[in-house]
file data.txt (compact mmCIF, C-alpha atoms)
# COMPACT_ATOMS: atom_id res chain seq x y z
CA MET A 213 1.06 26.47 -12.71
CA ARG A 214 1.99 22.82 -12.53
CA LYS A 215 -0.91 20.50 -13.36
CA HIS A 216 -1.16 16.82 -12.43
CA ARG A 217 -3.87 14.57 -13.86
CA ILE A 218 -5.11 11.96 -11.38
CA ALA A 219 -7.35 8.99 -12.16
CA ALA A 220 -9.59 8.39 -9.13
CA ILE A 221 -10.90 4.82 -8.84
CA PRO A 222 -12.90 4.57 -5.60
CA GLY A 223 -13.77 0.91 -6.23
CA ASP A 224 -15.88 -0.88 -3.64
CA GLY A 225 -17.28 -0.46 -0.15
CA ILE A 226 -15.69 2.25 1.94
CA GLY A 227 -13.30 2.95 -0.92
CA LYS A 228 -15.92 5.31 -2.32
CA GLU A 229 -16.13 7.17 1.00
CA VAL A 230 -12.43 7.54 1.70
CA VAL A 231 -11.44 8.45 -1.86
CA ALA A 232 -14.09 11.20 -1.82
CA ALA A 233 -12.52 12.44 1.43
CA GLY A 234 -9.04 12.21 -0.05
CA VAL A 235 -9.98 14.13 -3.19
CA GLU A 236 -11.60 16.85 -1.07
CA ALA A 237 -8.49 17.17 1.10
CA LEU A 238 -6.01 17.13 -1.78
CA THR A 239 -8.04 19.69 -3.72
CA ALA A 240 -8.07 21.98 -0.68
CA LEU A 241 -4.32 21.54 -0.25
CA ALA A 242 -3.62 22.41 -3.89
CA ALA A 243 -5.74 25.55 -3.57
CA LEU A 244 -3.88 26.59 -0.41
CA ASP A 245 -0.49 25.89 -1.98
CA GLY A 246 -1.23 27.79 -5.17
CA GLY A 247 1.72 26.36 -7.08
CA PHE A 248 0.06 23.31 -8.58
CA GLU A 249 -3.32 21.97 -9.61
CA LEU A 250 -4.74 18.46 -9.30
CA GLU A 251 -7.19 17.49 -12.01
CA PHE A 252 -9.19 14.42 -10.96
CA GLU A 253 -11.12 12.19 -13.33
CA HIS A 254 -13.35 9.57 -11.69
CA PHE A 255 -13.84 6.02 -12.91
CA ASP A 256 -16.72 3.92 -11.58
CA TRP A 257 -14.96 0.58 -12.02
CA GLY A 258 -15.35 -2.18 -9.44
CA SER A 259 -17.92 -4.71 -8.26
CA ASP A 260 -20.98 -2.63 -9.18
CA TYR A 261 -19.53 -2.16 -12.65
CA TYR A 262 -18.96 -5.93 -12.84
CA LYS A 263 -22.59 -6.66 -11.97
CA ARG A 264 -23.67 -4.42 -14.85
CA THR A 265 -21.12 -5.48 -17.46
CA GLY A 266 -19.43 -8.73 -16.41
CA LEU A 267 -16.10 -6.90 -16.18
CA MET A 268 -14.38 -5.14 -13.28
CA MET A 269 -13.12 -2.50 -15.71
CA PRO A 270 -13.61 -2.00 -19.45
CA ALA A 271 -11.41 -3.81 -21.94
CA ASP A 272 -9.66 -0.55 -22.83
CA GLY A 273 -9.25 0.45 -19.16
CA LEU A 274 -5.46 0.42 -19.22
CA GLU A 275 -5.38 2.63 -22.30
CA LYS A 276 -7.67 5.07 -20.52
CA LEU A 277 -5.31 5.18 -17.50
CA LYS A 278 -2.00 5.50 -19.35
CA PRO A 279 -2.12 9.29 -19.87
CA PHE A 280 -2.58 10.04 -16.17
CA ASP A 281 0.22 11.10 -13.84
CA ALA A 282 -1.02 8.88 -11.00
CA ILE A 283 -3.93 6.70 -9.89
CA TYR A 284 -5.77 7.26 -6.59
CA PHE A 285 -7.40 3.95 -5.65
CA GLY A 286 -9.90 3.05 -2.92
CA SER A 287 -10.51 -0.65 -2.47
CA VAL A 288 -11.76 -3.74 -4.26
CA GLY A 289 -13.93 -6.65 -3.16
CA ALA A 290 -17.58 -7.37 -2.40
CA PRO A 291 -19.15 -10.03 -0.18
CA ASP A 292 -21.31 -11.41 -3.00
CA LEU A 293 -18.46 -11.83 -5.52
CA PRO A 294 -15.47 -14.21 -5.35
CA ASP A 295 -12.38 -12.31 -4.22
CA HIS A 296 -10.16 -13.74 -6.96
CA ILE A 297 -12.50 -12.25 -9.58
CA THR A 298 -12.54 -8.78 -8.04
CA LEU A 299 -8.82 -8.66 -7.23
CA TRP A 300 -7.55 -10.01 -10.55
CA GLY A 301 -10.16 -8.06 -12.44
CA LEU A 302 -9.15 -4.62 -11.17
CA ARG A 303 -6.27 -4.04 -8.78
CA LEU A 304 -3.89 -6.69 -10.09
CA ALA A 305 -5.11 -5.98 -13.62
CA ILE A 306 -3.58 -2.53 -13.15
CA CYS A 307 -0.49 -3.37 -11.06
CA GLN A 308 0.95 -6.05 -13.31
CA PRO A 309 0.51 -4.51 -16.80
CA PHE A 310 1.74 -1.16 -15.49
CA ASP A 311 4.78 -2.91 -13.95
CA GLN A 312 4.15 -1.39 -10.52
CA TYR A 313 6.72 -3.76 -9.06
CA ALA A 314 7.58 -1.81 -5.90
CA ASN A 315 4.84 -1.74 -3.29
CA VAL A 316 5.88 0.63 -0.49
CA ARG A 317 4.13 0.64 2.89
CA PRO A 318 5.41 3.05 5.53
CA THR A 319 4.28 2.31 9.08
CA ARG A 320 4.81 4.30 12.23
CA ILE A 321 3.05 5.08 15.47
CA LEU A 322 1.56 8.56 15.21
CA ALA A 323 1.21 10.76 18.27
CA GLY A 324 -2.24 10.33 19.76
CA ILE A 325 -2.74 6.78 18.46
CA ASP A 326 -2.25 3.90 20.86
CA SER A 327 -0.31 0.85 19.74
CA PRO A 328 -1.32 -2.56 21.10
CA LEU A 329 2.37 -3.13 21.80
CA ARG A 330 3.15 -2.73 25.48
CA ASN A 331 4.96 0.55 26.23
CA ALA A 332 5.41 1.36 22.53
CA GLY A 333 5.04 4.96 21.46
CA VAL A 334 6.14 7.49 18.87
CA GLY A 335 9.54 6.54 17.47
CA ASP A 336 9.45 2.95 18.71
CA LEU A 337 7.95 1.67 15.46
CA ASP A 338 9.02 3.47 12.30
CA TRP A 339 9.30 1.13 9.34
CA VAL A 340 9.09 1.07 5.57
CA ILE A 341 8.06 -2.28 4.13
CA VAL A 342 9.02 -2.85 0.49
CA ARG A 343 6.94 -5.56 -1.16
CA GLU A 344 7.76 -7.19 -4.48
CA ASN A 345 4.50 -6.50 -6.29
CA THR A 346 4.31 -8.26 -9.67
CA GLU A 347 5.62 -11.82 -9.37
CA GLY A 348 6.47 -14.21 -6.51
CA GLU A 349 3.53 -16.06 -5.02
CA TYR A 350 0.99 -13.80 -6.76
CA ALA A 351 2.29 -14.28 -10.29
CA GLY A 352 -0.96 -15.94 -11.34
CA GLN A 353 0.75 -19.07 -12.67
CA GLY A 354 -0.86 -22.46 -12.09
CA GLY A 355 -4.11 -24.21 -12.80
CA ARG A 356 -6.69 -26.82 -11.83
CA SER A 357 -7.52 -30.17 -13.34
CA HIS A 358 -10.00 -32.99 -12.62
CA ARG A 359 -12.39 -30.40 -11.22
CA GLY A 360 -14.97 -31.79 -8.84
CA HIS A 361 -13.37 -35.21 -8.64
CA PRO A 362 -11.67 -36.68 -5.57
CA GLU A 363 -8.34 -36.48 -7.39
CA GLU A 364 -8.75 -32.79 -8.26
CA VAL A 365 -5.41 -30.96 -8.44
CA ALA A 366 -4.73 -27.26 -8.00
CA THR A 367 -1.29 -25.72 -8.44
CA GLU A 368 -0.14 -22.21 -7.51
CA VAL A 369 3.33 -21.58 -8.88
CA ALA A 370 5.50 -18.90 -7.30
CA ILE A 371 7.65 -17.21 -9.94
CA PHE A 372 10.97 -15.62 -9.01
CA THR A 373 13.05 -14.16 -11.82
CA ARG A 374 16.57 -12.85 -11.45
CA ALA A 375 15.54 -9.57 -13.06
CA GLY A 376 12.49 -9.21 -10.79
CA VAL A 377 14.34 -10.00 -7.58
CA ARG A 378 17.34 -7.85 -8.45
CA ARG A 379 15.26 -4.77 -9.16
CA ILE A 380 13.21 -5.01 -5.96
CA MET A 381 16.38 -5.58 -3.93
CA ARG A 382 18.01 -2.54 -5.46
CA PHE A 383 14.90 -0.50 -4.76
CA ALA A 384 14.86 -1.69 -1.14
CA PHE A 385 18.55 -0.96 -0.59
CA ARG A 386 18.09 2.52 -2.11
CA THR A 387 15.12 3.10 0.18
CA ALA A 388 17.16 2.06 3.21
CA GLN A 389 20.07 4.20 2.04
CA ALA A 390 17.83 7.27 2.00
CA ARG A 391 16.66 6.77 5.60
CA PRO A 392 18.69 7.89 8.63
CA ARG A 393 19.47 4.41 9.97
CA LYS A 394 20.52 2.96 6.58
CA PHE A 395 19.43 -0.49 7.74
CA LEU A 396 17.59 -3.18 5.77
CA THR A 397 16.10 -6.52 6.82
CA VAL A 398 15.59 -9.08 4.05
CA VAL A 399 12.71 -11.45 4.82
CA THR A 400 12.95 -14.99 3.46
CA LYS A 401 11.83 -18.60 3.89
CA SER A 402 14.73 -20.26 2.16
CA ASN A 403 14.97 -23.04 4.72
CA ALA A 404 11.76 -24.52 3.30
CA GLN A 405 11.45 -22.91 -0.14
CA ARG A 406 14.74 -24.18 -1.46
CA ASN A 407 14.65 -22.81 -5.00
CA GLY A 408 13.07 -19.41 -5.49
CA LEU A 409 13.94 -18.06 -2.05
CA VAL A 410 17.45 -19.45 -2.06
CA MET A 411 17.94 -17.38 -5.22
CA TRP A 412 16.22 -14.47 -3.41
CA ASP A 413 18.85 -14.71 -0.65
CA GLU A 414 21.73 -14.99 -3.10
CA ILE A 415 20.64 -11.92 -5.07
CA ALA A 416 20.18 -9.94 -1.84
CA ALA A 417 23.80 -10.69 -0.95
CA GLU A 418 24.96 -9.70 -4.43
CA VAL A 419 23.06 -6.41 -4.44
CA ALA A 420 24.24 -5.60 -0.90
CA LYS A 421 27.77 -5.21 -2.29
CA GLU A 422 26.56 -2.23 -4.33
CA PHE A 423 25.48 -0.46 -1.11
CA PRO A 424 28.41 -0.62 1.33
CA ASP A 425 26.89 2.14 3.48
CA VAL A 426 23.73 0.08 4.15
CA THR A 427 23.79 -2.46 6.98
CA TRP A 428 21.52 -5.43 6.40
CA ASP A 429 20.42 -8.67 7.96
CA LYS A 430 18.19 -11.62 6.99
CA MET A 431 15.17 -13.06 8.80
CA LEU A 432 12.90 -16.04 8.25
CA VAL A 433 9.32 -14.82 7.82
CA ASP A 434 7.95 -16.75 10.80
CA ALA A 435 10.66 -15.38 13.08
CA MET A 436 9.98 -11.94 11.59
CA THR A 437 6.49 -11.86 13.14
CA VAL A 438 8.10 -12.39 16.55
CA ARG A 439 10.71 -9.70 15.96
CA MET A 440 8.08 -7.18 14.81
CA THR A 441 6.07 -7.63 18.00
CA MET A 442 8.86 -8.18 20.53
CA LYS A 443 11.67 -5.97 19.16
CA PRO A 444 10.12 -3.30 16.94
CA ARG A 445 13.02 -0.89 17.47
CA SER A 446 15.37 -3.43 15.84
CA LEU A 447 13.76 -2.86 12.43
CA ASP A 448 13.76 -0.02 9.92
CA THR A 449 13.45 -0.87 6.21
CA ILE A 450 12.12 -4.32 5.30
CA VAL A 451 11.92 -6.13 1.96
CA ALA A 452 9.88 -9.26 1.38
CA THR A 453 8.14 -11.26 -1.32
CA ASN A 454 4.68 -10.50 -2.59
CA LEU A 455 2.91 -12.87 -0.17
CA HIS A 456 5.17 -12.37 2.85
CA ALA A 457 5.06 -8.58 2.69
CA ASP A 458 1.31 -8.62 2.13
CA ILE A 459 0.88 -10.42 5.45
CA LEU A 460 3.60 -8.61 7.40
CA SER A 461 2.38 -5.16 6.37
CA ASP A 462 -1.08 -5.89 7.77
CA LEU A 463 0.56 -6.94 11.02
CA ALA A 464 2.59 -3.73 10.94
CA ALA A 465 -0.55 -1.61 10.48
CA ALA A 466 -2.23 -3.33 13.41
CA LEU A 467 0.83 -2.78 15.60
CA ALA A 468 0.79 0.90 14.68
CA GLY A 469 -2.78 1.17 15.95
CA SER A 470 -5.19 0.56 13.07
CA MET A 471 -5.52 -0.73 9.53
CA GLY A 472 -7.34 2.52 8.83
CA ILE A 473 -4.21 4.67 8.97
CA ALA A 474 -1.92 2.62 6.71
CA PRO A 475 -0.99 3.86 3.20
CA THR A 476 0.42 2.15 0.12
CA ALA A 477 2.24 3.19 -3.02
CA ASN A 478 2.34 0.82 -5.99
CA LEU A 479 5.27 2.27 -7.88
CA ASN A 480 6.61 1.94 -11.37
CA PRO A 481 9.96 3.53 -10.41
CA GLU A 482 11.02 4.03 -14.03
CA ARG A 483 7.80 6.07 -14.59
CA GLN A 484 6.97 4.33 -17.85
CA PHE A 485 3.43 3.92 -16.49
CA PRO A 486 1.40 5.76 -13.84
CA SER A 487 1.86 4.61 -10.25
CA MET A 488 -1.09 3.86 -7.98
CA PHE A 489 -1.72 5.00 -4.38
CA GLU A 490 -4.22 3.40 -2.00
CA PRO A 491 -4.98 2.69 1.66
CA ILE A 492 -4.44 -0.94 2.63
CA HIS A 493 -7.64 -1.49 4.61
CA GLY A 494 -9.89 -3.03 1.95
CA SER A 495 -13.56 -2.51 1.17
CA ALA A 496 -14.89 -3.15 4.73
CA PHE A 497 -18.51 -3.79 3.79
CA ASP A 498 -19.36 -4.23 7.47
CA ILE A 499 -19.14 -0.44 7.91
CA THR A 500 -19.92 0.71 4.36
CA GLY A 501 -22.44 3.53 4.26
CA MET A 502 -22.18 4.26 7.99
CA GLY A 503 -19.92 7.29 7.49
CA ILE A 504 -17.34 6.10 10.01
CA ALA A 505 -14.49 4.90 7.76
CA ASN A 506 -11.09 6.23 8.76
CA PRO A 507 -9.71 8.37 5.89
CA ILE A 508 -6.21 8.80 7.35
CA GLY A 509 -4.76 5.92 5.30
CA THR A 510 -6.15 7.54 2.17
CA PHE A 511 -4.78 10.97 3.15
CA TRP A 512 -1.36 9.39 3.80
CA SER A 513 -1.52 7.60 0.43
CA GLY A 514 -2.24 11.00 -1.10
CA GLN A 515 0.83 12.34 0.67
CA MET A 516 2.92 9.61 -0.97
CA MET A 517 1.34 10.50 -4.31
CA LEU A 518 2.36 14.14 -3.91
CA GLU A 519 5.94 13.06 -3.17
CA HIS A 520 5.92 10.94 -6.32
CA LEU A 521 4.62 13.89 -8.33
CA GLY A 522 7.47 16.09 -7.07
CA GLU A 523 5.32 18.26 -4.79
CA GLN A 524 7.49 17.72 -1.71
CA ALA A 525 6.52 20.90 0.13
CA ALA A 526 2.82 20.09 -0.18
CA ALA A 527 3.48 16.48 0.82
CA ASP A 528 5.29 17.66 3.96
CA ARG A 529 2.45 20.04 4.77
CA LEU A 530 -0.11 17.24 4.37
CA MET A 531 1.91 14.93 6.63
CA ARG A 532 2.01 17.58 9.35
CA ALA A 533 -1.77 17.94 9.07
CA ILE A 534 -2.22 14.16 9.30
CA GLU A 535 -0.11 14.14 12.46
CA THR A 536 -2.18 17.01 13.89
CA VAL A 537 -5.44 15.14 13.23
CA ALA A 538 -4.08 11.87 14.64
CA ALA A 539 -3.02 13.64 17.84
CA ASN A 540 -6.56 14.97 18.36
CA LYS A 541 -8.57 12.17 19.97
CA THR A 542 -11.84 13.98 19.27
CA LEU A 543 -11.12 13.22 15.59
CA HIS A 544 -10.60 9.49 16.12
CA THR A 545 -12.96 7.21 14.21
CA PRO A 546 -14.30 4.01 15.85
CA ASP A 547 -11.35 1.88 14.67
CA LEU A 548 -9.21 4.10 16.92
CA GLY A 549 -11.67 3.97 19.79
CA GLY A 550 -13.38 7.28 19.04
CA ASN A 551 -16.73 8.50 17.76
CA ALA A 552 -15.69 10.80 14.91
CA ARG A 553 -17.11 10.40 11.44
CA THR A 554 -15.30 10.47 8.11
CA VAL A 555 -16.55 14.01 7.43
CA ASP A 556 -15.27 15.18 10.83
CA VAL A 557 -11.77 13.87 10.17
CA THR A 558 -11.77 15.40 6.70
CA ALA A 559 -12.86 18.79 8.01
CA GLY A 560 -10.28 18.56 10.75
CA LEU A 561 -7.53 17.81 8.26
CA ILE A 562 -8.48 20.71 6.02
CA ALA A 563 -8.56 23.03 9.04
CA ALA A 564 -5.10 21.78 10.03
CA LEU A 565 -3.84 22.45 6.51
call {"tool": "encode", "arguments": {"input": "data.txt", "output": "structure tokens"}}
result
Amino acid sequence: MRKHRIAAIPGDGIGKEVVAAGVEALTALAALDGGFELEFEHFDWGSDYYKRTGLMMPADGLEKLKPFDAIYFGSVGAPDLPDHITLWGLRLAICQPFDQYANVRPTRILAGIDSPLRNAGVGDLDWVIVRENTEGEYAGQGGRSHRGHPEEVATEVAIFTRAGVRRIMRFAFRTAQARPRKFLTVVTKSNAQRNGLVMWDEIAAEVAKEFPDVTWDKMLVDAMTVRMTMKPRSLDTIVATNLHADILSDLAAALAGSMGIAPTANLNPERQFPSMFEPIHGSAFDITGMGIANPIGTFWSGQMMLEHLGEQAAADRLMRAIETVAANKTLHTPDLGGNARTVDVTAGLIAAL
């Protein structure tokens, strides 16, 4: 029997609730499939760990994670801790050292879920957003001087390397090539950012020559928000910088009906390090402990994890179950306008499996 070792890091807020639901569902799926086993090991890293130790994860945390086949992540952030401490102390502290440079966020309207877009339904919004995940605007370069003085200066330096841009462009073109429409939109802001994003555009054009079967176009990020809301059918695969894709993917999730259903894969495509899979919704302390968090984004992230692990049949089965649950309005949590609880959705998914 095939065995996959998974590091489960629930993190903060509702992350603990949805990862528990995800582990329950994935364990049930593996038992039903019978061809593979998922061995989960749980790590209590996050804001509570920080309050006890002064660290978001232990100093040897990366060494502990290296042997695993994948990481199943919940969320990070707490209202009583600065966000830059929690984010850089855990999530980015994993993504960057493990070179998880391809952040993949599929978005589509599922049957049974209403989009805020007028007259939009199943098939009208079906995108994959590819986000450069290790450099760009979130490279962590910069600093502050003259702190507390009127002349205080803070710099945030966006880093674009030829190697980094080329590899994410190739990944995005390969992703588009594998989808039926074979169509890619490159998001930019090179009219205003005249160095890094001009190079971004140039490398996109260079890489495009390697993929003659992929049609592509280019869009300024501000105009992209208009296109996503007014002409969703005109888009398919999208690639953008770390900051731009971070923002656009949240918009995409909202247009698909809820942040609660959106998944993410943080991939190290060369598989030198484990990849990490997480819902995009965040820690949501306003509903933490109420039992009403939507676990669909975590289930879908688990589906992407199974694909990455080579368990395609199980991944397909899980996606069909997710679609079955989404179509059943009695299993909609409050973010979707329903009254279901996390445990109800989880039970419904397992029954569908």
call {"tool": "residues_near_point", "arguments": {"input": "data.txt", "point": "(-9.6, 6.2, -14.3)", "cutoff": "8 Å", "atoms": "only C-alpha atoms", "output": "MDAnalysis selection string"}}
result
chainID A and resid 218:221 253:256 273 276:277 283
call {"tool": "residues_around", "arguments": {"input": "data.txt", "residues": "Leu565 in chain A", "least_positions_apart": "5", "cutoff": "9 Å", "atoms": "only C-alpha atoms", "output": "mmCIF file with C-alpha atoms, in the coordinates of the input"}}
result
data_model
loop_
_atom_site.group_PDB
_atom_site.id
_atom_site.type_symbol
_atom_site.label_atom_id
_atom_site.label_comp_id
_atom_site.auth_asym_id
_atom_site.auth_seq_id
_atom_site.Cartn_x
_atom_site.Cartn_y
_atom_site.Cartn_z
ATOM 1 C CA ALA A 237 -8.490 17.170 1.100
ATOM 2 C CA ALA A 240 -8.070 21.980 -0.680
ATOM 3 C CA LEU A 241 -4.320 21.540 -0.250
ATOM 4 C CA LEU A 244 -3.880 26.590 -0.410
ATOM 5 C CA ARG A 529 2.450 20.040 4.770
ATOM 6 C CA LEU A 530 -0.110 17.240 4.370
ATOM 7 C CA ARG A 532 2.010 17.580 9.350
ATOM 8 C CA ALA A 533 -1.770 17.940 9.070
ATOM 9 C CA ILE A 534 -2.220 14.160 9.300
ATOM 10 C CA GLY A 560 -10.280 18.560 10.750
#
call {"tool": "closest_residue", "arguments": {"input": "data.txt", "among": "A:Arg439, A:Arg483, A:Arg317, A:Lys263", "to": "Ile341 in chain A", "atoms": "all atoms listed in the file"}}
result
A:Arg317
call {"tool": "residues_around", "arguments": {"input": "data.txt", "residues": "range 454-464 of chain A", "least_positions_apart": "2", "cutoff": "9 Å", "atoms": "all atoms listed in the file", "output": "count of residues only"}}
result
36
call {"tool": "closest_residue", "arguments": {"input": "data.txt", "among": "A:Tyr262, A:Asp528, A:Gln389, A:Met502", "to": "Pro294 in chain A", "atoms": "all atoms listed in the file"}}
result
A:Tyr262
call {"tool": "decode", "arguments": {"input": "data.txt", "residues": "range 365-383 of chain A", "atoms": "C-alpha atoms", "output": "short mmCIF file (atom, residue, chain, number, x, y, z; two decimals), in the first residue's frame"}}
result
data_model
loop_
_atom_site.label_atom_id
_atom_site.label_comp_id
_atom_site.auth_asym_id
_atom_site.auth_seq_id
_atom_site.Cartn_x
_atom_site.Cartn_y
_atom_site.Cartn_z
CA VAL A 365 11.99 56.38 6.06
CA ALA A 366 10.64 52.94 5.21
CA THR A 367 11.53 51.09 2.01
CA GLU A 368 9.92 47.96 0.58
CA VAL A 369 11.95 46.70 -2.36
CA ALA A 370 10.29 44.47 -4.94
CA ILE A 371 12.77 41.92 -6.28
CA PHE A 372 12.35 40.44 -9.75
CA THR A 373 15.05 38.07 -10.97
CA ARG A 374 15.29 36.69 -14.47
CA ALA A 375 15.45 33.16 -13.08
CA GLY A 376 12.43 33.71 -10.82
CA VAL A 377 10.27 35.29 -13.50
CA ARG A 378 11.24 32.77 -16.16
CA ARG A 379 10.36 29.78 -14.03
CA ILE A 380 6.94 31.11 -12.98
CA MET A 381 6.16 32.04 -16.59
CA ARG A 382 7.07 28.57 -17.77
CA PHE A 383 4.94 27.06 -15.03
#
